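Raw protein_13.cif, mmCIF, C-alpha atoms:
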data_structure
loop_
_atom_site.group_PDB
_atom_site.id
_atom_site.type_symbol
_atom_site.label_atom_id
_atom_site.label_comp_id
_atom_site.auth_asym_id
_atom_site.auth_seq_id
_atom_site.Cartn_x
_atom_site.Cartn_y
_atom_site.Cartn_z
ATOM 1 C CA MET X 1 86.169 119.370 111.282
ATOM 2 C CA THR X 2 89.388 118.009 112.699
ATOM 3 C CA ASP X 3 89.700 118.121 116.462
ATOM 4 C CA PRO X 4 92.778 120.314 117.109
ATOM 5 C CA ASN X 5 93.577 118.291 120.217
ATOM 6 C CA THR X 6 93.861 115.054 118.275
ATOM 7 C CA ARG X 7 96.910 114.028 116.306
ATOM 8 C CA VAL X 8 96.529 113.404 112.590
ATOM 9 C CA PRO X 9 99.219 112.491 110.030
ATOM 10 C CA LEU X 10 101.125 115.082 108.063
ATOM 11 C CA ASP X 11 99.199 117.225 105.611
ATOM 12 C CA LEU X 12 101.374 116.374 102.602
ATOM 13 C CA SER X 13 101.557 118.338 99.347
ATOM 14 C CA VAL X 14 100.803 116.624 96.030
ATOM 15 C CA PRO X 15 104.508 115.980 95.225
ATOM 16 C CA GLU X 16 104.999 114.660 98.753
ATOM 17 C CA LEU X 17 101.965 112.392 98.393
ATOM 18 C CA GLU X 18 103.325 111.032 95.110
ATOM 19 C CA LYS X 19 106.694 110.389 96.753
ATOM 20 C CA MET X 20 104.992 108.679 99.698
ATOM 21 C CA ALA X 21 102.989 106.433 97.347
ATOM 22 C CA ARG X 22 106.226 105.298 95.675
ATOM 23 C CA HIS X 23 107.751 104.595 99.086
ATOM 24 C CA LEU X 24 104.722 102.553 100.121
ATOM 25 C CA ARG X 25 104.874 100.581 96.882
ATOM 26 C CA ARG X 26 108.492 99.708 97.664
ATOM 27 C CA GLN X 27 107.420 98.523 101.095
ATOM 28 C CA VAL X 28 104.773 96.312 99.489
ATOM 29 C CA ILE X 29 107.361 94.690 97.234
ATOM 30 C CA ARG X 30 109.735 94.088 100.157
ATOM 31 C CA MET X 31 106.977 92.624 102.342
ATOM 32 C CA ILE X 32 105.628 90.215 99.747
ATOM 33 C CA ALA X 33 109.090 89.163 98.554
ATOM 34 C CA ASN X 34 110.135 88.449 102.135
ATOM 35 C CA ALA X 35 106.953 86.472 102.823
ATOM 36 C CA ARG X 36 107.234 84.698 99.446
ATOM 37 C CA SER X 37 103.470 85.071 99.296
ATOM 38 C CA GLY X 38 100.901 87.819 98.850
ATOM 39 C CA HIS X 39 99.019 90.008 96.404
ATOM 40 C CA PRO X 40 101.192 92.701 94.807
ATOM 41 C CA GLY X 41 99.017 93.685 91.816
ATOM 42 C CA GLY X 42 95.995 95.028 93.667
ATOM 43 C CA SER X 43 98.139 96.529 96.419
ATOM 44 C CA LEU X 44 100.114 98.583 93.903
ATOM 45 C CA SER X 45 96.987 99.724 92.039
ATOM 46 C CA ALA X 46 95.423 101.034 95.265
ATOM 47 C CA ALA X 47 98.507 102.830 96.603
ATOM 48 C CA ASP X 48 97.774 106.367 95.385
ATOM 49 C CA ILE X 49 94.211 106.444 96.708
ATOM 50 C CA ILE X 50 95.117 105.039 100.110
ATOM 51 C CA THR X 51 98.021 107.489 100.373
ATOM 52 C CA ALA X 52 95.699 110.423 99.664
ATOM 53 C CA LEU X 53 93.255 109.276 102.331
ATOM 54 C CA TYR X 54 95.703 108.682 105.160
ATOM 55 C CA PHE X 55 98.210 111.465 104.526
ATOM 56 C CA LYS X 56 95.869 114.245 103.411
ATOM 57 C CA LEU X 57 92.152 113.808 103.912
ATOM 58 C CA MET X 58 91.134 111.398 106.645
ATOM 59 C CA ARG X 59 90.734 112.386 110.265
ATOM 60 C CA HIS X 60 92.444 109.705 112.334
ATOM 61 C CA ASP X 61 94.850 109.279 115.200
ATOM 62 C CA PRO X 62 97.550 106.554 115.233
ATOM 63 C CA MET X 63 98.010 107.142 118.964
ATOM 64 C CA ASN X 64 94.310 106.435 119.545
ATOM 65 C CA PRO X 65 93.134 103.968 116.862
ATOM 66 C CA ASP X 66 89.684 103.613 118.447
ATOM 67 C CA TRP X 67 89.011 107.365 118.651
ATOM 68 C CA PRO X 68 85.202 107.531 118.212
ATOM 69 C CA ASN X 69 85.284 110.546 115.878
ATOM 70 C CA ARG X 70 87.827 109.108 113.444
ATOM 71 C CA ASP X 71 87.033 108.718 109.775
ATOM 72 C CA ARG X 72 86.910 105.046 108.820
ATOM 73 C CA PHE X 73 88.600 103.252 105.908
ATOM 74 C CA VAL X 74 87.377 99.752 105.115
ATOM 75 C CA LEU X 75 89.422 97.599 102.733
ATOM 76 C CA SER X 76 86.771 95.302 101.315
ATOM 77 C CA LYS X 77 89.319 93.782 98.883
ATOM 78 C CA GLY X 78 91.194 92.461 101.896
ATOM 79 C CA HIS X 79 93.866 90.621 99.899
ATOM 80 C CA ALA X 80 95.409 94.057 99.219
ATOM 81 C CA ALA X 81 96.370 94.139 102.899
ATOM 82 C CA PRO X 82 100.087 94.854 102.213
ATOM 83 C CA ILE X 83 99.456 98.405 101.009
ATOM 84 C CA LEU X 84 97.235 99.136 103.996
ATOM 85 C CA TYR X 85 99.775 97.666 106.425
ATOM 86 C CA ALA X 86 102.557 99.748 104.861
ATOM 87 C CA THR X 87 100.399 102.866 105.200
ATOM 88 C CA LEU X 88 99.414 102.212 108.809
ATOM 89 C CA ALA X 89 103.037 101.576 109.779
ATOM 90 C CA GLU X 90 104.188 104.787 108.099
ATOM 91 C CA CYS X 91 101.471 106.697 109.959
ATOM 92 C CA GLY X 92 102.646 105.245 113.274
ATOM 93 C CA TYR X 93 100.020 102.648 114.158
ATOM 94 C CA PHE X 94 102.786 100.085 114.698
ATOM 95 C CA PRO X 95 106.549 99.930 114.006
ATOM 96 C CA THR X 96 107.647 99.721 110.374
ATOM 97 C CA GLU X 97 109.987 96.886 111.375
ATOM 98 C CA GLU X 98 106.893 94.751 111.859
ATOM 99 C CA LEU X 99 106.208 94.816 108.116
ATOM 100 C CA SER X 100 108.815 92.080 107.673
ATOM 101 C CA THR X 101 106.520 89.688 109.570
ATOM 102 C CA LEU X 102 103.813 89.664 106.862
ATOM 103 C CA ARG X 103 102.034 86.271 106.723
ATOM 104 C CA LYS X 104 104.282 84.708 109.355
ATOM 105 C CA LEU X 105 102.945 82.586 112.219
ATOM 106 C CA GLY X 106 102.135 84.771 115.204
ATOM 107 C CA SER X 107 102.323 87.999 113.204
ATOM 108 C CA ARG X 108 99.731 90.750 113.538
ATOM 109 C CA LEU X 109 99.976 91.194 109.756
ATOM 110 C CA GLN X 110 98.171 88.282 108.169
ATOM 111 C CA GLY X 111 97.380 87.788 104.490
ATOM 112 C CA HIS X 112 93.947 89.347 104.903
ATOM 113 C CA THR X 113 93.139 92.102 107.375
ATOM 114 C CA ASP X 114 92.048 91.179 110.899
ATOM 115 C CA ARG X 115 90.647 93.947 113.099
ATOM 116 C CA ASN X 116 91.273 91.882 116.231
ATOM 117 C CA LEU X 117 94.997 91.698 115.506
ATOM 118 C CA THR X 118 96.141 94.884 113.811
ATOM 119 C CA PRO X 119 95.840 98.469 115.119
ATOM 120 C CA GLY X 120 94.009 100.695 112.650
ATOM 121 C CA ILE X 121 92.157 97.916 110.815
ATOM 122 C CA GLU X 122 88.402 98.509 110.685
ATOM 123 C CA MET X 123 87.165 95.191 109.231
ATOM 124 C CA SER X 124 88.345 91.591 109.141
ATOM 125 C CA ALA X 125 88.376 90.595 105.487
ATOM 126 C CA GLY X 126 88.726 87.462 103.415
ATOM 127 C CA SER X 127 85.399 86.652 101.769
ATOM 128 C CA LEU X 128 84.841 89.255 99.092
ATOM 129 C CA GLY X 129 81.681 91.328 98.712
ATOM 130 C CA GLN X 130 81.069 92.155 102.368
ATOM 131 C CA GLY X 131 82.832 95.480 102.865
ATOM 132 C CA LEU X 132 80.132 97.744 101.450
ATOM 133 C CA SER X 133 77.469 96.220 103.725
ATOM 134 C CA TYR X 134 79.806 96.517 106.698
ATOM 135 C CA SER X 135 80.575 100.140 105.856
ATOM 136 C CA ILE X 136 76.890 100.993 105.606
ATOM 137 C CA GLY X 137 76.500 99.695 109.155
ATOM 138 C CA ILE X 138 79.340 101.916 110.375
ATOM 139 C CA ALA X 139 77.879 104.925 108.561
ATOM 140 C CA LEU X 140 74.417 104.331 110.038
ATOM 141 C CA ALA X 141 75.954 103.991 113.497
ATOM 142 C CA GLY X 142 77.581 107.388 113.028
ATOM 143 C CA ARG X 143 74.223 108.885 112.157
ATOM 144 C CA LEU X 144 72.555 107.326 115.192
ATOM 145 C CA ASP X 145 75.366 108.472 117.482
ATOM 146 C CA LYS X 146 75.307 111.976 115.946
ATOM 147 C CA ARG X 147 78.970 111.800 114.994
ATOM 148 C CA ASP X 148 80.313 113.545 111.908
ATOM 149 C CA TYR X 149 82.860 110.969 110.748
ATOM 150 C CA HIS X 150 82.996 109.780 107.136
ATOM 151 C CA VAL X 151 83.310 106.168 105.991
ATOM 152 C CA TYR X 152 85.401 105.180 102.960
ATOM 153 C CA VAL X 153 85.292 101.662 101.530
ATOM 154 C CA MET X 154 87.476 100.308 98.732
ATOM 155 C CA LEU X 155 86.057 97.565 96.520
ATOM 156 C CA GLY X 156 87.850 95.515 93.903
ATOM 157 C CA ASP X 157 86.383 95.436 90.419
ATOM 158 C CA GLY X 158 86.289 91.636 90.365
ATOM 159 C CA GLU X 159 84.665 91.835 93.782
ATOM 160 C CA CYS X 160 81.765 93.670 92.168
ATOM 161 C CA ASP X 161 80.730 90.317 90.673
ATOM 162 C CA GLU X 162 79.371 89.514 94.143
ATOM 163 C CA GLY X 163 75.618 89.887 94.563
ATOM 164 C CA GLN X 164 75.947 91.246 98.097
ATOM 165 C CA VAL X 165 77.652 94.355 96.671
ATOM 166 C CA TRP X 166 74.520 95.224 94.702
ATOM 167 C CA GLU X 167 72.132 94.522 97.556
ATOM 168 C CA ALA X 168 74.165 96.976 99.628
ATOM 169 C CA ALA X 169 74.244 99.383 96.684
ATOM 170 C CA MET X 170 70.427 99.452 96.717
ATOM 171 C CA PHE X 171 70.234 99.919 100.475
ATOM 172 C CA ALA X 172 72.531 102.932 100.906
ATOM 173 C CA PRO X 173 70.732 105.434 98.629
ATOM 174 C CA HIS X 174 67.318 104.264 99.856
ATOM 175 C CA HIS X 175 68.393 105.327 103.349
ATOM 176 C CA HIS X 176 70.154 108.509 102.138
ATOM 177 C CA ILE X 177 73.505 107.512 103.640
ATOM 178 C CA ASN X 178 75.648 110.461 102.617
ATOM 179 C CA ASN X 179 78.521 109.942 105.071
ATOM 180 C CA LEU X 180 79.703 107.049 102.897
ATOM 181 C CA THR X 181 82.057 107.003 99.904
ATOM 182 C CA ALA X 182 82.726 103.802 97.979
ATOM 183 C CA ILE X 183 85.822 103.558 95.789
ATOM 184 C CA VAL X 184 86.067 100.923 93.062
ATOM 185 C CA ASP X 185 89.689 100.063 92.268
ATOM 186 C CA TYR X 186 88.992 99.392 88.586
ATOM 187 C CA ASN X 187 92.269 97.832 87.488
ATOM 188 C CA ALA X 188 90.461 95.536 85.028
ATOM 189 C CA ILE X 189 92.108 92.285 86.210
ATOM 190 C CA GLN X 190 90.956 89.792 88.834
ATOM 191 C CA LEU X 191 92.307 86.500 90.153
ATOM 192 C CA ASP X 192 92.479 84.490 86.935
ATOM 193 C CA GLY X 193 91.869 86.858 84.051
ATOM 194 C CA ARG X 194 90.557 90.148 82.774
ATOM 195 C CA VAL X 195 87.323 91.351 84.344
ATOM 196 C CA CYS X 196 85.711 91.899 80.951
ATOM 197 C CA ASP X 197 86.274 88.237 80.045
ATOM 198 C CA ILE X 198 85.127 86.727 83.341
ATOM 199 C CA MET X 199 82.047 88.851 84.070
ATOM 200 C CA GLY X 200 81.967 92.260 82.428
ATOM 201 C CA LEU X 201 81.006 95.211 84.606
ATOM 202 C CA GLU X 202 80.220 97.720 81.910
ATOM 203 C CA PRO X 203 78.432 100.063 81.842
ATOM 204 C CA LEU X 204 79.662 100.387 85.434
ATOM 205 C CA VAL X 205 79.034 104.125 85.835
ATOM 206 C CA ASN X 206 75.470 103.753 84.586
ATOM 207 C CA LYS X 207 74.864 100.800 86.925
ATOM 208 C CA TRP X 208 75.758 102.833 90.023
ATOM 209 C CA ARG X 209 73.734 105.796 88.776
ATOM 210 C CA ALA X 210 70.739 103.525 88.242
ATOM 211 C CA PHE X 211 71.064 102.566 91.916
ATOM 212 C CA ASN X 212 70.872 106.312 92.777
ATOM 213 C CA TRP X 213 74.499 106.848 93.779
ATOM 214 C CA HIS X 214 76.359 110.051 93.005
ATOM 215 C CA VAL X 215 79.096 108.829 90.643
ATOM 216 C CA LEU X 216 82.546 110.298 90.010
ATOM 217 C CA GLU X 217 84.957 108.774 87.481
ATOM 218 C CA ILE X 218 88.704 109.422 87.731
ATOM 219 C CA ASP X 219 92.219 108.350 86.875
ATOM 220 C CA GLY X 220 93.123 106.510 90.072
ATOM 221 C CA HIS X 221 96.804 107.390 89.720
ATOM 222 C CA ASP X 222 96.369 111.151 89.219
ATOM 223 C CA MET X 223 96.796 112.587 92.707
ATOM 224 C CA ASN X 224 94.995 115.826 91.890
ATOM 225 C CA GLN X 225 91.968 113.952 90.547
ATOM 226 C CA ILE X 226 91.986 111.653 93.577
ATOM 227 C CA LEU X 227 92.003 114.555 96.021
ATOM 228 C CA GLU X 228 89.364 116.521 94.122
ATOM 229 C CA SER X 229 86.969 113.565 93.940
ATOM 230 C CA LEU X 230 87.392 112.589 97.593
ATOM 231 C CA ARG X 231 86.807 116.171 98.722
ATOM 232 C CA LYS X 232 83.751 116.509 96.508
ATOM 233 C CA ALA X 233 82.305 113.258 97.850
ATOM 234 C CA ARG X 234 82.145 114.735 101.346
ATOM 235 C CA THR X 235 80.012 117.638 100.107
ATOM 236 C CA ILE X 236 77.293 115.513 98.486
ATOM 237 C CA LYS X 237 74.064 115.499 100.474
ATOM 238 C CA GLY X 238 71.158 113.083 100.265
ATOM 239 C CA SER X 239 72.979 110.122 98.688
ATOM 240 C CA PRO X 240 76.197 108.149 98.945
ATOM 241 C CA THR X 241 79.012 108.681 96.440
ATOM 242 C CA VAL X 242 80.984 106.108 94.489
ATOM 243 C CA ILE X 243 84.314 106.911 92.831
ATOM 244 C CA ILE X 244 85.166 104.718 89.850
ATOM 245 C CA ALA X 245 88.957 104.872 89.874
ATOM 246 C CA HIS X 246 90.602 103.579 86.701
ATOM 247 C CA THR X 247 93.904 102.073 87.798
ATOM 248 C CA ILE X 248 96.662 99.778 86.549
ATOM 249 C CA LYS X 249 97.200 96.415 88.177
ATOM 250 C CA GLY X 250 100.782 96.314 89.449
ATOM 251 C CA LYS X 251 101.253 100.066 88.930
ATOM 252 C CA GLY X 252 104.867 101.203 88.989
ATOM 253 C CA VAL X 253 106.573 97.886 88.203
ATOM 254 C CA SER X 254 106.884 97.250 84.472
ATOM 255 C CA PHE X 255 106.648 93.448 84.510
ATOM 256 C CA MET X 256 103.722 93.495 86.971
ATOM 257 C CA GLU X 257 101.604 96.111 85.192
ATOM 258 C CA ASN X 258 98.488 94.569 83.603
ATOM 259 C CA ASN X 259 99.915 91.108 84.285
ATOM 260 C CA VAL X 260 97.334 88.717 85.707
ATOM 261 C CA ALA X 261 100.095 86.476 87.103
ATOM 262 C CA TYR X 262 100.885 89.115 89.733
ATOM 263 C CA HIS X 263 97.428 89.201 91.247
ATOM 264 C CA GLY X 264 98.737 86.810 93.884
ATOM 265 C CA LYS X 265 102.363 85.985 93.081
ATOM 266 C CA ALA X 266 105.470 87.026 94.978
ATOM 267 C CA PRO X 267 108.416 88.293 92.931
ATOM 268 C CA SER X 268 111.629 86.299 92.808
ATOM 269 C CA PRO X 269 114.737 87.801 94.437
ATOM 270 C CA GLN X 270 115.945 88.974 91.030
ATOM 271 C CA ASP X 271 112.580 90.490 90.130
ATOM 272 C CA THR X 272 112.384 92.117 93.554
ATOM 273 C CA GLU X 273 115.633 93.960 92.860
ATOM 274 C CA ILE X 274 114.327 95.144 89.498
ATOM 275 C CA ALA X 275 110.994 96.251 90.996
ATOM 276 C CA LEU X 276 112.631 98.251 93.790
ATOM 277 C CA LYS X 277 114.926 99.934 91.282
ATOM 278 C CA GLU X 278 111.964 100.938 89.080
ATOM 279 C CA LEU X 279 110.154 102.411 92.088
ATOM 280 C CA GLU X 280 113.049 104.636 93.199
#

Will you turn the file into structure tokens for me?
Amino acid sequence: MTDPNTRVPLDLSVPELEKMARHLRRQVIRMIANARSGHPGGSLSAADIITALYFKLMRHDPMNPDWPNRDRFVLSKGHAAPILYATLAECGYFPTEELSTLRKLGSRLQGHTDRNLTPGIEMSAGSLGQGLSYSIGIALAGRLDKRDYHVYVMLGDGECDEGQVWEAAMFAPHHHINNLTAIVDYNAIQLDGRVCDIMGLEPLVNKWRAFNWHVLEIDGHDMNQILESLRKARTIKGSPTVIIAHTIKGKGVSFMENNVAYHGKAPSPQDTEIALKELE
């Protein structure tokens, strides 16, 4: 339960959440265009899920980022840092004006998340495949400390090529870690091609089930499905839950959608103008 004495972000309605996700996508485009570097595709695909977590479901306090009873969100696909930075700024962890410093020398907002620099960041990222293991550690610590927080971790689909993901996937159900929800941002494109061509994940649902996870499969851009699955995950006892969220790389910007080039490419000034117009 939420501590009534602790500040949490607004409890937004579904239309308000959808509007917020569009706003955060616009912030992502501005940040990456200004930096002339970054990863727009995977940031845009993750926007709806991260919006639902921070503005509806997670228990957290921007005025007290280290509050021991906070729910935790771990961005294992750390290159999608722009969408998390935009979210944290909108929640009040740091000023929104700071978003313009993305990837600049001396900035707290580097290309991959750094928990020692940025308020609200739970894990320093960079090398893929580590977030699920890290999140299991946080979840086990909560059990040992008798705290009721929940841990959410977002994985990229290409990241699931990493062997460490599957070692962690075996560990969590064996130890009945049910205060943990993994979310796979299944946008079907990784750094240099389509996931199915580089190392196919299918049958992904059956793989997680074979590892004894409770599996939910959703449209990762349908806010009602996102909320329903995240709420259900918190009720599952005896095993962790994984949500396979089918998303679109570059969601919301026509020339970025399903375009492998925009995994890690900044838009030109002209394309930035078009993208912001499409996201109005």

Nearest to X:Ala35: which of X:Leu99, X:Asp71, X:Ala275, X:Glu18 is it, counting all atoms listed in the file?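 For X:Ala35, the nearest of the given residues is X:Leu99.
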
What residues come out when you apply the PyMOL selection byres ((chain X and resi 266) around 10) to this file, written as a VMD selection string? chain X and resid 29 to 41 261 to 265 267 to 269 271 to 272

So the first atom is atom CA of X:His60 and the second is atom CA of X:Arg72; what is the distance between them in Å, to one decimal place? 8.0 Å

Around (81.4, 90.7, 91.2) in the file's own coordinates, what residues are found within 10 Å if you use only C-alpha atoms, given back as a list in words?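 The residues near that point, listed by chain and number, are Leu128, Gly129, Leu155, Gly156, Asp157, Gly158, Glu159, Cys160, Asp161, Glu162, Gly163, Gln164, Val165, Trp166, Gln190, Val195, Ile198, Met199, Gly200 and Leu201 of chain X.
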
Please produce an output containing C-alpha atoms for each residue in the selection, written as a PDB file, in the coordinates of the input.
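Output saved as selection.pdb:
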ATOM      1  CA  LEU X 128      84.841  89.255  99.092  1.00  0.00           C
ATOM      2  CA  GLY X 129      81.681  91.328  98.712  1.00  0.00           C
ATOM      3  CA  LEU X 155      86.057  97.565  96.520  1.00  0.00           C
ATOM      4  CA  GLY X 156      87.850  95.515  93.903  1.00  0.00           C
ATOM      5  CA  ASP X 157      86.383  95.436  90.419  1.00  0.00           C
ATOM      6  CA  GLY X 158      86.289  91.636  90.365  1.00  0.00           C
ATOM      7  CA  GLU X 159      84.665  91.835  93.782  1.00  0.00           C
ATOM      8  CA  CYS X 160      81.765  93.670  92.168  1.00  0.00           C
ATOM      9  CA  ASP X 161      80.730  90.317  90.673  1.00  0.00           C
ATOM     10  CA  GLU X 162      79.371  89.514  94.143  1.00  0.00           C
ATOM     11  CA  GLY X 163      75.618  89.887  94.563  1.00  0.00           C
ATOM     12  CA  GLN X 164      75.947  91.246  98.097  1.00  0.00           C
ATOM     13  CA  VAL X 165      77.652  94.355  96.671  1.00  0.00           C
ATOM     14  CA  TRP X 166      74.520  95.224  94.702  1.00  0.00           C
ATOM     15  CA  GLN X 190      90.956  89.792  88.834  1.00  0.00           C
ATOM     16  CA  VAL X 195      87.323  91.351  84.344  1.00  0.00           C
ATOM     17  CA  ILE X 198      85.127  86.727  83.341  1.00  0.00           C
ATOM     18  CA  MET X 199      82.047  88.851  84.070  1.00  0.00           C
ATOM     19  CA  GLY X 200      81.967  92.260  82.428  1.00  0.00           C
ATOM     20  CA  LEU X 201      81.006  95.211  84.606  1.00  0.00           C
TER      21      LEU X 201
END

Report the distance between atom CA of X:Tyr186 and atom CA of X:Gln225 in Å, rounded to one decimal place.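 According to the coordinates, atom CA of X:Tyr186 and atom CA of X:Gln225 are separated by 15.0 Å.
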
Might you pull out every residue within 6 Å of X:Thr113, with all atoms listed in the file counted and same-chain residues fewer than 4 positions away left off, and present them as number ranges by chain? X: 78, 81, 124-125

Using all atoms of stretch 244-260 of chain X that appear in the file, construct an axis-aligned enclosing box with 5 Å of padding on every side and provide its centre coordinates and edge lengths in Å, rounded to one decimal, as lines of an AutoDock Vina configuration file.
center_x = 96.0
center_y = 96.8
center_z = 86.7
size_x = 31.7
size_y = 26.2
size_z = 16.3

Tell me, in Å to one decimal, how far atom CA of X:Ile248 is from atom CA of X:Ser45.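 A separation of 5.5 Å between them.
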
With only C-alpha atoms as the basis for distance, which of X:Ile49, X:Ile83, X:Gly42, X:Lys277 is at the shortest distance from X:Arg25?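 Of all the options, X:Ile83 lies closest to X:Arg25.
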
Test item: the PyMOL selection byres ((chain X and resi 75) around 6) resolved as a list in words: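 Those residues are Val74, Ser76, Lys77, Gly78, Val153 and Met154 of chain X.
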
Please, which residues in stretch 26-71 of chain X fall within 12 Å of stretch 205-221 of chain X when counting only C-alpha atoms, and what is the closest atom pair and distance in Å to one decimal for each, ordered by chain then residue number, as a Markdown table?
| residue | atom | partner | partner_atom | distance |
| --- | --- | --- | --- | --- |
| X:Leu44 | CA | X:His221 | CA | 10.3 |
| X:Ser45 | CA | X:His221 | CA | 8.0 |
| X:Ala46 | CA | X:Gly220 | CA | 7.9 |
| X:Ala47 | CA | X:His221 | CA | 8.4 |
| X:Asp48 | CA | X:His221 | CA | 5.8 |
| X:Ile49 | CA | X:Gly220 | CA | 6.7 |
| X:Ile50 | CA | X:Gly220 | CA | 10.3 |
| X:Thr51 | CA | X:His221 | CA | 10.7 |
| X:Ala52 | CA | X:His221 | CA | 10.5 |

For stretch 228-243 of chain X: contacts at 7 Å, all atoms listed in the file, fewer than 2 positions along chain excluded, given as an MDAnalysis selection string: chainID X and resid 172:173 176:184 213:217 224:226 245

Which residues match the PyMOL selection byres ((chain X and resi 22) around 9) in the file above, as a PyMOL selection string? chain X and resi 17-21+23-27+47-48+252+279-280

With only C-alpha atoms as the atoms that count, which of X:Arg59, X:Leu109, X:Ser254, X:Ala139 lies nearest to X:Glu97? X:Leu109

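Closest approach to X:Lys249 from the set X:Asp114, X:Glu273, X:Glu122, X:Asp185 is made by X:Asp185, with distances taken over all atoms listed in the file.
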
Given the choices X:Phe94, X:Leu53, X:Pro68, X:Met58, which gets closest to X:Gly142 if the distance is worked out from all atoms listed in the file?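 Residue with the minimum atom-to-atom distance to X:Gly142: X:Pro68.
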
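Take the candidates X:Gly137, X:Gly126, X:Pro65, X:Pro82 and check each one against X:Phe171 using all atoms listed in the file; the shortest distance goes to X:Gly137.
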